[in-house]
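J.: This is coords17.txt, which holds compact mmCIF, C-alpha atoms:
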# COMPACT_ATOMS: atom_id res chain seq x y z
CA MET A 223 0.00 0.00 0.00
CA ILE A 224 1.46 3.34 -1.03
CA PHE A 225 0.35 6.77 0.18
CA SER A 226 -0.75 7.88 -3.28
CA SER A 227 -3.24 5.01 -3.72
CA VAL A 228 -7.01 4.87 -3.27
CA GLU A 229 -6.48 1.97 -0.87
CA PHE A 230 -4.43 4.17 1.44
CA ILE A 231 -6.96 7.01 1.42
CA LEU A 232 -9.62 4.49 2.49
CA PHE A 233 -7.27 2.92 5.04
CA PHE A 234 -6.34 6.27 6.58
CA SER A 235 -9.98 7.38 6.72
CA ILE A 236 -10.95 4.22 8.62
CA PHE A 237 -7.95 4.74 10.92
CA ILE A 238 -9.02 8.31 11.78
CA ILE A 239 -12.63 7.24 12.40
CA SER A 240 -11.40 4.44 14.66
CA LEU A 241 -9.24 6.88 16.65
CA ILE A 242 -12.20 9.24 17.10
CA PHE A 243 -14.61 6.58 18.35
CA PHE A 244 -12.15 4.35 20.22
CA SER A 245 -9.59 6.87 21.46
CA LYS A 246 -8.85 4.95 24.66
CA TYR A 247 -7.42 2.14 22.52
CA GLN A 248 -5.10 4.50 20.62
CA LYS A 249 -1.90 2.50 21.15
CA PHE A 250 -3.57 -0.74 20.08
CA LEU A 251 -5.09 0.93 17.00
CA ILE A 252 -1.75 2.37 15.87
CA ILE A 253 -0.09 -1.04 16.19
CA LEU A 254 -2.97 -2.87 14.49
CA PHE A 255 -3.36 -0.49 11.57
CA SER A 256 0.41 -0.30 11.08
CA LEU A 257 0.56 -4.09 10.80
CA VAL A 258 -2.31 -4.03 8.30
CA PHE A 259 -0.57 -1.27 6.33
CA TYR A 260 2.68 -3.21 6.13
CA SER A 261 1.11 -6.62 5.46
CA PHE A 262 -0.78 -5.19 2.47
CA TRP A 263 2.45 -5.59 0.46
CA LYS A 264 3.19 -9.19 1.49
CA PRO A 265 1.81 -10.52 4.80
CA ILE A 266 4.66 -13.00 5.41
CA PHE A 267 7.17 -10.13 5.64
CA THR A 268 5.36 -8.84 8.73
CA LEU A 269 7.15 -11.63 10.61
CA ILE A 270 10.43 -9.78 10.02
CA ILE A 271 9.21 -6.70 11.89
CA ILE A 272 7.84 -8.86 14.70
CA TYR A 273 11.23 -10.60 14.92
CA LEU A 274 13.02 -7.23 15.16
CA ILE A 275 10.65 -5.90 17.84
CA VAL A 276 10.78 -9.03 20.00
CA SER A 277 14.54 -9.36 19.56
CA PHE A 278 15.11 -5.76 20.60
CA TYR A 279 12.94 -6.17 23.68
CA LEU A 280 14.71 -9.37 24.75
CA PHE A 281 18.16 -7.87 24.15
CA ILE A 282 17.29 -4.97 26.44
CA LYS A 283 15.67 -7.07 29.14
CA LYS A 284 18.47 -9.65 29.13
CA ASN A 285 21.19 -6.97 28.80
CA ILE A 286 22.70 -8.63 25.73
CA SER A 287 25.92 -7.06 24.42
CA LEU A 288 25.68 -4.84 21.35
CA LYS A 289 28.34 -7.04 19.71
CA ILE A 290 25.81 -9.87 19.73
CA ALA A 291 22.57 -7.90 19.42
CA ILE A 292 23.42 -5.74 16.40
CA PRO A 293 24.48 -8.64 14.09
CA LEU A 294 21.25 -10.45 15.00
CA ILE A 295 19.23 -7.32 14.24
CA LEU A 296 21.08 -6.94 10.93
CA SER A 297 20.66 -10.58 9.89
CA PRO A 298 17.30 -10.21 8.04
CA LEU A 299 18.58 -7.16 6.12
CA ILE A 300 21.79 -8.95 5.16
CA TYR A 301 19.95 -12.08 4.05
CA PHE A 302 17.21 -10.43 1.99
CA LYS A 303 19.34 -7.68 0.46
CA TYR A 304 22.91 -8.95 0.25
CA SER A 305 22.95 -12.76 0.46
CA THR A 306 23.34 -13.24 -3.30
CA PHE A 307 26.24 -10.77 -3.37
CA PHE A 308 28.06 -12.45 -0.46
CA PHE A 309 27.54 -15.98 -1.74
CA GLU A 310 28.86 -15.03 -5.19
CA ILE A 311 31.99 -13.52 -3.60
CA ILE A 312 32.82 -16.72 -1.71
CA GLY A 313 31.89 -18.91 -4.68
CA PHE A 314 28.93 -20.55 -2.95
CA ASP A 315 25.79 -21.76 -4.72
CA SER A 316 23.80 -18.51 -4.51
CA ILE A 317 20.82 -19.80 -6.48
CA ASN A 318 19.81 -22.37 -3.87
CA HIS A 319 20.91 -20.57 -0.71
CA SER A 320 20.38 -16.83 -1.26
CA TYR A 321 17.26 -14.70 -1.60
CA SER A 322 16.43 -13.14 -4.97
CA GLY A 323 12.73 -12.23 -4.70
CA ASN A 324 11.03 -8.93 -3.89
CA LEU A 325 12.59 -7.13 -0.95
CA PRO A 326 10.59 -6.67 2.25
CA LEU A 327 9.19 -3.15 2.21
CA GLY A 328 11.36 -0.62 4.03
CA ILE A 329 13.58 -3.27 5.61
CA SER A 330 16.63 -0.95 5.65
CA PHE A 331 14.83 1.92 7.38
CA ILE A 332 13.13 -0.37 9.88
CA THR A 333 16.43 -2.08 10.73
CA PHE A 334 18.22 1.26 11.16
CA THR A 335 15.43 2.50 13.44
CA VAL A 336 15.74 -0.58 15.66
CA ILE A 337 19.54 -0.27 15.83
CA ALA A 338 19.31 3.43 16.75
CA LEU A 339 16.87 2.63 19.55
CA LEU A 340 18.99 -0.28 20.76
CA VAL A 341 22.17 1.81 20.91
CA ASP A 342 20.43 4.78 22.54
CA VAL A 343 18.96 2.57 25.28
CA LYS A 344 22.16 0.58 25.89
CA LYS A 345 24.27 3.76 26.07
CA LYS A 346 21.62 5.48 28.21
CA ILE A 347 21.04 8.23 25.68
CA TYR A 348 17.36 7.35 26.00
CA THR A 349 16.63 6.46 29.63
CA ASN A 350 12.84 6.15 29.82
CA ASN A 351 11.42 2.72 30.58
CA LEU A 352 10.16 0.98 27.45
CA LYS A 353 7.28 -1.48 27.46
CA LEU A 354 6.87 -3.96 24.63
CA SER A 355 3.73 -2.12 23.47
CA THR A 356 5.62 1.20 23.36
CA VAL A 357 8.48 -0.33 21.37
CA SER A 358 5.99 -1.91 18.95
CA GLU A 359 4.11 1.35 18.48
CA PHE A 360 7.31 3.31 17.87
CA ILE A 361 8.82 0.90 15.34
CA LEU A 362 5.56 0.14 13.53
CA TYR A 363 4.25 3.72 13.25
CA PHE A 364 3.09 3.49 9.62
CA PRO A 365 3.73 7.04 8.26
CA GLN A 366 7.50 6.47 8.55
CA LEU A 367 7.54 2.69 8.15
CA VAL A 368 8.46 2.37 4.48
CA ALA A 369 10.85 5.18 3.57
CA GLY A 370 11.58 7.12 6.72
CA PRO A 371 12.39 9.51 8.15
CA ILE A 372 14.51 7.38 10.47
CA LEU A 373 13.31 8.46 13.90
CA ARG A 374 14.96 8.51 17.32
CA ALA A 375 12.91 7.59 20.36
CA HIS A 376 12.72 11.16 21.67
CA GLN A 377 11.36 12.37 18.33
CA LEU A 378 8.24 10.18 18.32
CA ILE A 379 7.52 8.39 21.61
CA PRO A 380 6.53 11.59 23.49
CA TYR A 381 3.93 12.27 20.77
CA LEU A 382 2.59 8.73 20.93
CA LYS A 383 2.13 8.97 24.68
CA LYS A 384 -0.30 11.86 24.22
CA LYS A 385 -3.89 11.47 23.12
CA ILE A 386 -4.21 12.31 19.43
CA SER A 387 -6.47 15.32 18.93
CA PHE A 388 -7.53 16.58 15.52
CA THR A 389 -7.17 20.36 15.45
CA GLU A 390 -8.28 22.53 12.54
CA GLU A 391 -4.75 23.86 12.00
CA ASN A 392 -3.13 20.40 11.95
CA ILE A 393 -5.77 19.03 9.60
CA LYS A 394 -5.42 21.99 7.21
CA ASN A 395 -1.61 22.06 7.19
CA GLY A 396 -1.30 18.27 7.08
CA THR A 397 -3.77 17.93 4.23
CA LEU A 398 -2.06 20.65 2.18
CA LEU A 399 1.33 18.99 2.70
CA PHE A 400 -0.10 15.59 1.77
CA LEU A 401 -1.69 17.02 -1.40
CA LEU A 402 1.59 18.69 -2.36
CA GLY A 403 3.35 15.34 -2.07
CA PHE A 404 0.50 13.61 -3.92
CA VAL A 405 0.85 15.99 -6.88
CA LYS A 406 4.63 15.52 -6.96
CA LYS A 407 4.26 11.73 -6.95
CA ILE A 408 1.32 11.24 -9.33
CA PHE A 409 1.53 14.13 -11.77
CA PHE A 410 5.29 14.54 -11.98
CA ALA A 411 7.22 11.43 -10.83
CA ASP A 412 4.84 8.83 -12.24
CA THR A 413 4.23 10.78 -15.47
CA ILE A 414 7.96 11.17 -16.12
CA ALA A 415 8.47 7.48 -15.31
CA GLU A 416 5.95 6.50 -17.99
CA VAL A 417 8.04 8.39 -20.54
CA ILE A 418 11.55 7.30 -19.58
CA ASN A 419 11.06 3.71 -18.35
CA PRO A 420 10.49 2.24 -21.85
CA ILE A 421 13.65 4.01 -23.03
CA PHE A 422 15.81 2.63 -20.22
CA LEU A 423 14.32 -0.86 -20.60
CA ASN A 424 15.07 -1.02 -24.34
CA PRO A 425 17.69 1.65 -25.15
CA LEU A 426 18.64 0.04 -28.48
CA ASP A 427 15.12 0.75 -29.78
CA PHE A 428 15.57 4.52 -29.37
CA SER A 429 17.80 7.15 -30.93
CA GLY A 430 20.49 9.01 -29.02
CA GLU A 431 18.25 12.06 -28.60
CA TYR A 432 15.67 10.04 -26.69
CA ILE A 433 18.34 8.56 -24.42
CA VAL A 434 19.73 12.03 -23.65
CA VAL A 435 16.24 13.34 -22.82
CA ALA A 436 15.55 10.32 -20.60
CA SER A 437 18.87 10.82 -18.81
CA LEU A 438 18.00 14.47 -18.14
CA LEU A 439 14.50 13.61 -16.92
CA PHE A 440 15.61 10.79 -14.60
CA PRO A 441 16.97 13.09 -11.83
CA LEU A 442 13.65 14.96 -11.87
CA GLN A 443 11.73 11.70 -11.65
CA ILE A 444 13.56 10.43 -8.57
CA TYR A 445 13.43 13.92 -7.00
CA PHE A 446 9.65 14.21 -7.31
CA ASP A 447 9.18 10.56 -6.29
CA PHE A 448 11.14 10.76 -3.02
CA SER A 449 10.22 14.36 -2.24
CA GLY A 450 6.55 13.59 -2.83
CA TYR A 451 6.63 10.53 -0.59
CA VAL A 452 8.36 12.49 2.18
CA ASP A 453 5.78 15.29 1.97
CA MET A 454 2.93 12.80 2.18
CA ALA A 455 4.49 11.10 5.22
CA LEU A 456 4.94 14.47 6.97
CA GLY A 457 1.39 15.50 6.04
CA ILE A 458 -0.18 12.31 7.39
CA SER A 459 1.64 12.73 10.69
CA LYS A 460 0.74 16.41 10.87
CA ILE A 461 -2.94 15.54 10.61
CA LEU A 462 -2.41 13.33 13.67
CA GLY A 463 -0.67 16.18 15.50
CA ILE A 464 2.77 14.57 15.15
CA SER A 465 5.64 16.60 13.69
CA LEU A 466 8.23 14.41 11.96
CA PRO A 467 11.73 15.80 11.29
CA ILE A 468 12.52 17.27 7.88
CA ASN A 469 14.08 14.59 5.70
CA PHE A 470 14.58 16.29 2.33
CA ASP A 471 15.97 19.77 1.72
CA ARG A 472 16.41 20.91 -1.92
CA PRO A 473 19.33 18.57 -2.69
CA TYR A 474 19.83 19.81 -6.26
CA LEU A 475 20.89 23.20 -4.88
CA SER A 476 23.87 21.56 -3.17
CA LYS A 477 27.38 22.81 -3.90
CA SER A 478 29.09 19.45 -3.35
CA LEU A 479 28.36 15.71 -3.34
CA THR A 480 28.73 15.66 0.45
CA GLU A 481 26.14 18.40 0.85
CA PHE A 482 23.87 16.65 -1.68
CA TRP A 483 23.97 13.46 0.38
CA ARG A 484 23.13 15.36 3.58
CA ARG A 485 20.20 17.11 1.92
CA TRP A 486 18.81 14.08 0.05
CA HIS A 487 18.01 11.89 3.05
CA ILE A 488 18.78 13.98 6.13
CA THR A 489 17.89 11.43 8.81
CA LEU A 490 19.80 8.65 7.02
CA SER A 491 23.00 10.70 6.78
CA ARG A 492 22.63 11.61 10.47
CA TRP A 493 22.13 7.94 11.29
CA PHE A 494 25.43 7.02 9.61
CA ARG A 495 27.14 9.90 11.39
CA ASP A 496 25.86 8.89 14.85
CA TYR A 497 25.80 5.11 14.67
Please render this file's structure as structure tokens.
T.:
Amino acid sequence: MIFSSVEFILFFSIFIISLIFFSKYQKFLIILFSLVFYSFWKPIFTLIIIYLIVSFYLFIKKNISLKIAIPLILSPLIYFKYSTFFFEIIGFDSINHSYSGNLPLGISFITFTVIALLVDVKKKIYTNNLKLSTVSEFILYFPQLVAGPILRAHQLIPYLKKKISFTEENIKNGTLLFLLGFVKKIFFADTIAEVINPIFLNPLDFSGEYIVVASLLFPLQIYFDFSGYVDMALGISKILGISLPINFDRPYLSKSLTEFWRRWHITLSRWFRDY
């Protein structure tokens, strides 16, 4: 399920109605709807998130060393994303032992979020007591589940502890931000993709002029795609009264590759810097 789909609009509407009528079950509703949101892609992959949540909680409760905990947290990401690469390097039979199917949605961002929380708790950067339900709610929170931003505990958990109230200002600002992202994704990113994808798939069928045009349009396509998704994620959270950190800041105005990287995915570059 993607934010720019009819299915998501229906899903989010039902979620808001549920919060209004069953507000005392807010934590349960966020966890439940987040699981539904994620399982819409491929239900079996939901087991990966459950593994990460339960593993984190056990590592904290049992005071397991980071040297043991972090490799175990990384293991699903390594298997699903890099097993073929590693097996080919060592000359192992990658066809029968590695994974080559569709990647679990957002597995990198989810893994990085869990590692950040694990390190912050173990190093006492975040000192509040964490229940399993709180950890689940934080990691599963669906607006940031697929493509970030990568959140720290102090950036989201305090919001989740409060009762969600729908104010006129939050609804207006959140809806406008969501619509801005929606336009970027549907009318710009997806439209450009329809033009350039056939050229990249079969470049020999097109003249050099078409390939040049496609190459020039590709940076715009990925810009509007990621920027649009980020705006929609921020807008959804804003409607709920939750302010997510800025994750995308005009990267094509950068003066260097380093600055471009920092502006393209702000929370990811900060994650690499800190962890």
J.: Please determine, counting all atoms listed in the file, which residue among A:Asn350, A:Thr333, A:Ser459, A:Ser256 has the shortest atom-to-atom distance to Leu294 in chain A.
T.: A:Thr333
J.: Would you mind listing what lies within 9 Å of range 368-382 of chain A as an MDAnalysis selection string, with all atoms listed in the file counted and same-chain residues fewer than 5 positions away left out?
T.: chainID A and resid 224 248:249 260 327:332 334:335 338:339 342 348 356:357 359:361 448 451:452 455 463:469 487:490 493
J.: Give me, please, the distance in Å between CA of Val341 in chain A and CA of Ile290 in chain A, quoted to one decimal.
T.: 12.3 Å
J.: Within 6 Å of Ile461 in chain A, counting all atoms listed in the file, which residues show up once you throw out same-chain ones fewer than 4 positions away? Write them as an NGL selection string, please.
T.: :A and (392-393 or 396)
J.: Build an axis-aligned box that encloses every atom of range 370-373 of chain A listed in the file, pad it by 4 Å on each side, and report its centre and edge lengths in Å to one decimal, as AutoDock Vina command-line options.
T.:
--center_x 13.0 --center_y 8.3 --center_z 10.3 --size_x 10.9 --size_y 10.4 --size_z 15.2
J.: Considering all atoms listed in the file, state which residue in the set A:Ile337, A:Thr389, A:Phe428, A:Gly450 is at the smallest distance from Phe494 in chain A.
T.: A:Ile337
J.: Could you state the separation of CA of Leu269 in chain A and CA of Leu362 in chain A in Å, given to one decimal place?
T.: 12.2 Å
J.: Between CA of Ile347 in chain A and CA of Arg495 in chain A, measure the distance and give it in Å to one decimal.
T.: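 Atom-to-atom, CA of Ile347 in chain A and CA of Arg495 in chain A are spaced 15.6 Å apart.
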J.: Could you give me, as a PyMOL selection string, the residues within 9 Å of range 401-418 of chain A, counting only C-alpha atoms and dropping anything in the same chain fewer than 3 positions from it?
T.: chain A and resi 225-226+396-398+421-423+432-433+435-437+439-440+442-455+457
J.: For Phe364 in chain A, which residue among A:Leu257, A:Leu241, A:Phe482, A:Val228 is the nearest when counting only C-alpha atoms?
T.: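 Answer, going by the shortest atom-to-atom distance: A:Leu257.
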J.: Could you pull the residues within 12 Å of Ser277 in chain A, counting all atoms listed in the file, minus those fewer than 2 positions along the same chain, as an MDAnalysis selection string?
T.: chainID A and resid 269:275 279:286 290:298 333 336:337 340 354 357:358
